[in-house]
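Q: Once you've had a glance at the structure underneath, I'll fire off some questions.
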Amino acid sequence: MIEERFDAIVVGAGMAGNAAALTLAQRGLKVLQLERGEYSGSKNVQGAILYADMLEKLIPDFREDAPLERHLIEQRFWMMDDNSHTGLHYRSDDFNEEKPNRYTIIRAQFDKWFSKKVQEAGAVVLCETTVTELLQDARGKVIGVRTDRKNGKVGADVVVLAEGVSGLLGTRAGLRSRPDPNKVALAVKEMHFLPQETLEARFNLKGDEGAVIEAVGTISEGMTGMGFIYTNRESISLGIGCLVSDFERTGQTPYGLLEKFKSHPSVRALIEGSEVKEYAAHLIPEGGYKAIPQLFGDGWVVVGDAAQLNNAVHREGSNLAMTSGRLAAEAIFQIKSRRDPMTKENLALYRKMLEDSFVMKDLKKYRDMPDLLHIRAQNFFLTYPQLVSKAMKDFVRVDGVTKAEKEKATLRSFLAARSLKGIIGDAFNFARAWR
Amino acid sequence: MATQAATRVEDKLYLNRYLVDAGRAHIKVRPHTTPSPQLLSLLKLCPARCYEMNSAGQVEIATDGCVECGTCRVVAEPTGDIEWNYPRGGYGVLFKFG
């Protein structure tokens with residue numbers, strides 16, 4: 001393999017790995033990035049929404065040549081029962097701005113572009129190379145990696161673990177534990193292709209405008225989960241995800257859930273006549289702040305999904321990944337500039353920088369949310385959506401029943417399902433976890 | 001119902017691109033006589049339906065259609081039921097869109 005030594009090795013070429021490799025190379029460090037896929041993106045799966053602000057910090061003029069699908073002008077949130085949805089719908093022409101804030105992207109294409117920027121900045125990017133082991137010295141300091149290539153050992157001062165949610169290296173080396181089934185969601189997704197005009201008509205879009213639908217309710221069969229529909233230029237990314245431990249408990253199948261979501265009357269009309277071109281599955285870190293592992297040690301740091309950095313409440317992950325990759329790289333650059341060694345003590349700077357950023361502040365804000373939503377899944381993902389659907393139906397149906405009687409019936413249905421104490425408790429706990 | 005679901009998953013996987021590393025399965029099931037609850041749960045949990053039960057009641061895996069999500073790893077690696085690795089560099093699922 002490669003005989004030479006590197007300042008840094010980045011394992012993985014997703015959002016976090018590319019952000020780290022790019023930043024390190026831009027600062028003049030000698031970087032090797034290793035990716036097991038055919039190219040950066042060929043193993044990566046996401047919805048996907050790109051957040052401009054975090055990418056601008058890496059590539060300010062990214063809009064000039066990045067493969068972007070649509071900028072988002074509309075967000076819909078659906079609470080579903082079997083035949084209906086009650087929606088919250090936000091659409092604003094303000095999002096038709098010169099530099100839009102959020103875009104849909106297709107990861108395989110976007111990551112390939114991102115990787116080209118990494119290479120142009122001077123990093124050595126080696127694809128089709130699986131890292132099999134971290135090399136450690138007698139005191140446990142990480143000194144390089146072993147790959148599945150011939151003579152596959154490479155040395156470096158520091159290894160950036162951007163190996164994704166299922167990363168093996170860190171857990172095998174005892175640097176962090178494997179995620180528990182109740183701390184990760186399994187999401188399955190399909191790519192539905194439609195003629196551009198059809199898609200735009202169905203979602204009321206023009207030009208590059210895009211819309212997002214996120215849905216909870218009976219579609220997840222009482223599990224903690226969410227369905228999503230994202231508009232790309234001429235395709236729709238459609239999927240559903242639930243906690244792995246919930247799938248285990250209920251015996252539901254992920255593809256069964258996906259088919260059910262697709263056949264819901266509110267969804268079916270949107271994808272009718274589409275051509276499906278890919279089926280993917282991926283794990284999503286859902287444990288939040290309390291699930292964040294040790295982030296640094298002698299000769300290593302961990303970034304992105306591998307570090308469980310995902311904001312489940314806001315469905316933000318790629319921006320946390322990019323930011324953690326960039327900050328890890330900046331910390332490494334600062335240590336290197338001082339000619340200090342890549343010790344645990346020095347690399348603590350990365351954690352400090354992450355804590356000062358939105359990444360840790362946002363995750364900390366919602367630290368109690370995963371426990372609340374996971375333990376009370378039935379209430380939040382099944383009972384309330386059903387109650388709301390029923391209440392809405394009664395509210396709009398004109399059938400001779402007096403309004404006072406309807407209101408009483410609605411109130412009674414809520415009390416029967418959750419009791420007054422239960423409702424107040426749910427509201428209180430939710431408010432406290434949100435705060 | 002089960003066969004119907006199986007057909008549907010195969011149809012889905014048929015859409016994907018793979019480079020199969022013939023003879024080198026990246027996930028292995030530990031030989032067993034009676035499967036553990038964790039191993040049994042994979043029959044339904046695996047989104048690519050890679051796990052099947054054979055006529056003798058043991059769980060087997062065919063990794064050709066694996067989408068490398070890692071779900072079976074978080075469920076059945078802790079119990080020692082499976083040995084989980086990534087495919088060799090360049091092999092496995094090759095997402096066109098991701």
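Starting from 1 in every chain, residues are counted up; chains themselves are A, B, ... following the order of the structure tokens, and ligands are numbered from 1 as listed.
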List as a VMD selection string the protein and nucleic acid residues near Tyr51 (chain B), meaning an atom at most 12 Å away when only C-alpha atoms are counted, but skip any in the same chain fewer than 5 places from it.
A: chain B and resid 6 27 to 29 35 38 to 46 58 to 66 72 82
Q: Can you work out which residues from chain A touch chain B at a cut-off of 6 Å (counting only C-alpha atoms) and hand them back as a CSV table (one decimal) with N, CA, C and O atoms, in the first residue's frame?
A:
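Saved result, result-v1.csv, follows:
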```csv
chain,number,residue,atom,x,y,z
A,36,ARG,N,-14.7,2.8,1.8
A,36,ARG,CA,-14.9,1.4,1.3
A,36,ARG,C,-15.7,1.3,0.0
A,36,ARG,O,-15.6,0.4,-0.7
A,37,GLY,N,-16.5,2.4,-0.3
A,37,GLY,CA,-17.3,2.4,-1.5
A,37,GLY,C,-16.5,2.6,-2.8
A,37,GLY,O,-15.3,3.0,-2.7
A,38,GLU,N,-17.2,2.4,-3.9
A,38,GLU,CA,-16.6,2.6,-5.2
A,38,GLU,C,-16.2,4.0,-5.4
A,38,GLU,O,-15.2,4.4,-6.0
A,42,SER,N,-21.3,6.2,-2.6
A,42,SER,CA,-21.9,4.9,-3.0
A,42,SER,C,-22.4,4.0,-1.9
A,42,SER,O,-23.1,3.1,-2.1
A,44,ASN,N,-23.6,5.7,1.0
A,44,ASN,CA,-24.2,6.7,1.9
A,44,ASN,C,-25.7,6.9,1.6
A,44,ASN,O,-26.1,7.0,0.5
A,45,VAL,N,-26.5,6.9,2.7
A,45,VAL,CA,-27.9,7.0,2.5
A,45,VAL,C,-28.5,8.1,3.4
A,45,VAL,O,-28.1,8.2,4.6
A,106,ILE,N,-29.4,14.5,-3.6
A,106,ILE,CA,-29.3,13.0,-3.7
A,106,ILE,C,-27.8,12.7,-3.4
A,106,ILE,O,-26.9,13.1,-4.0
A,107,ARG,N,-27.7,11.9,-2.3
A,107,ARG,CA,-26.4,11.8,-1.6
A,107,ARG,C,-25.3,11.2,-2.6
A,107,ARG,O,-24.2,11.7,-2.6
A,108,ALA,N,-25.6,10.2,-3.3
A,108,ALA,CA,-24.6,9.6,-4.2
A,108,ALA,C,-24.0,10.6,-5.1
A,108,ALA,O,-22.8,10.6,-5.4
A,128,GLU,N,-12.7,2.2,-2.5
A,128,GLU,CA,-12.7,0.7,-2.6
A,128,GLU,C,-11.7,0.1,-1.6
A,128,GLU,O,-11.0,-0.9,-1.9
A,129,THR,N,-11.5,0.8,-0.4
A,129,THR,CA,-10.6,0.3,0.6
A,129,THR,C,-11.3,0.3,2.0
A,129,THR,O,-11.7,1.3,2.5
A,130,THR,N,-11.5,-0.9,2.5
A,130,THR,CA,-12.1,-1.0,3.8
A,130,THR,C,-11.0,-1.0,4.9
A,130,THR,O,-10.1,-1.8,4.8
A,166,SER,N,-22.8,2.8,11.8
A,166,SER,CA,-22.5,1.4,12.1
A,166,SER,C,-21.0,1.2,12.1
A,166,SER,O,-20.5,0.1,11.9
A,181,PRO,N,-30.2,-1.2,20.4
A,181,PRO,CA,-31.3,-1.2,19.5
A,181,PRO,C,-32.3,-0.1,19.8
A,181,PRO,O,-33.1,0.4,18.9
A,253,THR,N,-42.5,-5.6,9.9
A,253,THR,CA,-41.4,-5.6,8.9
A,253,THR,C,-41.2,-4.2,8.4
A,253,THR,O,-42.2,-3.5,8.1
A,254,PRO,N,-40.0,-3.8,8.1
A,254,PRO,CA,-39.7,-2.4,7.6
A,254,PRO,C,-40.4,-2.2,6.2
A,254,PRO,O,-41.0,-1.2,5.9
A,277,LYS,N,-36.7,3.4,-8.6
A,277,LYS,CA,-35.4,3.0,-9.1
A,277,LYS,C,-34.4,2.6,-8.1
A,277,LYS,O,-33.3,2.1,-8.4
A,278,GLU,N,-34.7,2.7,-6.8
A,278,GLU,CA,-33.8,2.2,-5.8
A,278,GLU,C,-34.5,2.0,-4.4
A,278,GLU,O,-35.4,2.7,-4.1
A,279,TYR,N,-34.0,1.0,-3.7
A,279,TYR,CA,-34.5,0.7,-2.4
A,279,TYR,C,-33.3,0.7,-1.4
A,279,TYR,O,-32.3,0.0,-1.7
A,281,ALA,N,-31.8,1.2,2.8
A,281,ALA,CA,-32.0,1.1,4.3
A,281,ALA,C,-30.8,1.7,5.0
A,281,ALA,O,-29.7,1.6,4.5
A,282,HIS,N,-31.1,2.3,6.2
A,282,HIS,CA,-30.0,2.9,6.9
A,282,HIS,C,-30.4,3.1,8.4
A,282,HIS,O,-31.6,3.2,8.7
A,283,LEU,N,-29.4,3.1,9.2
A,283,LEU,CA,-29.7,3.4,10.7
A,283,LEU,C,-29.5,4.9,10.9
A,283,LEU,O,-28.6,5.5,10.3
```
Q: Quick one: residues within 10 Å of Ser84 (chain A), only C-alpha atoms counted, chain neighbours fewer than 5 positions away excluded, as a PyMOL selection string?
A: chain A and resi 78-79+264-266+386+389-390+392-393
Q: Restricting the output to N, CA and C atoms, write the selected residues as a CSV table (one decimal), in the first residue's frame.
A:
```csv
chain,number,residue,atom,x,y,z
A,78,TRP,N,-47.7,16.1,9.1
A,78,TRP,CA,-48.9,15.4,9.0
A,78,TRP,C,-49.1,14.5,10.3
A,79,MET,N,-50.3,14.5,10.9
A,79,MET,CA,-50.7,13.5,11.9
A,79,MET,C,-51.7,12.6,11.2
A,264,HIS,N,-51.3,4.6,1.7
A,264,HIS,CA,-52.2,5.5,2.4
A,264,HIS,C,-52.8,6.5,1.4
A,265,PRO,N,-54.1,6.8,1.5
A,265,PRO,CA,-54.8,7.6,0.5
A,265,PRO,C,-54.1,9.0,0.3
A,266,SER,N,-53.5,9.5,1.4
A,266,SER,CA,-52.9,10.9,1.3
A,266,SER,C,-51.5,10.8,0.5
A,386,GLN,N,-54.7,9.6,16.4
A,386,GLN,CA,-56.0,9.1,16.2
A,386,GLN,C,-57.1,10.0,16.8
A,389,SER,N,-57.4,13.1,14.6
A,389,SER,CA,-58.1,12.8,13.4
A,389,SER,C,-59.6,12.8,13.6
A,390,LYS,N,-60.0,12.1,14.7
A,390,LYS,CA,-61.4,12.0,15.0
A,390,LYS,C,-62.0,13.3,15.3
A,392,MET,N,-61.0,16.3,14.3
A,392,MET,CA,-61.1,17.1,13.1
A,392,MET,C,-62.3,16.6,12.2
A,393,LYS,N,-62.4,15.3,12.1
A,393,LYS,CA,-63.5,14.8,11.3
A,393,LYS,C,-64.9,15.3,11.8
```
Q: What is the CA of Ala312 (chain A)-CA of Leu387 (chain A) distance in Å, reported with one decimal?
A: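 Between CA of Ala312 (chain A) and CA of Leu387 (chain A) the gap is 24.1 Å.
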Q: Report the residues of region 15-206 of chain A whose backbone DSSP state falls under alpha helix (DSSP H), written as a ChimeraX atom specification.
A: /A:15-26,52-56,107-120,169-172,196-203
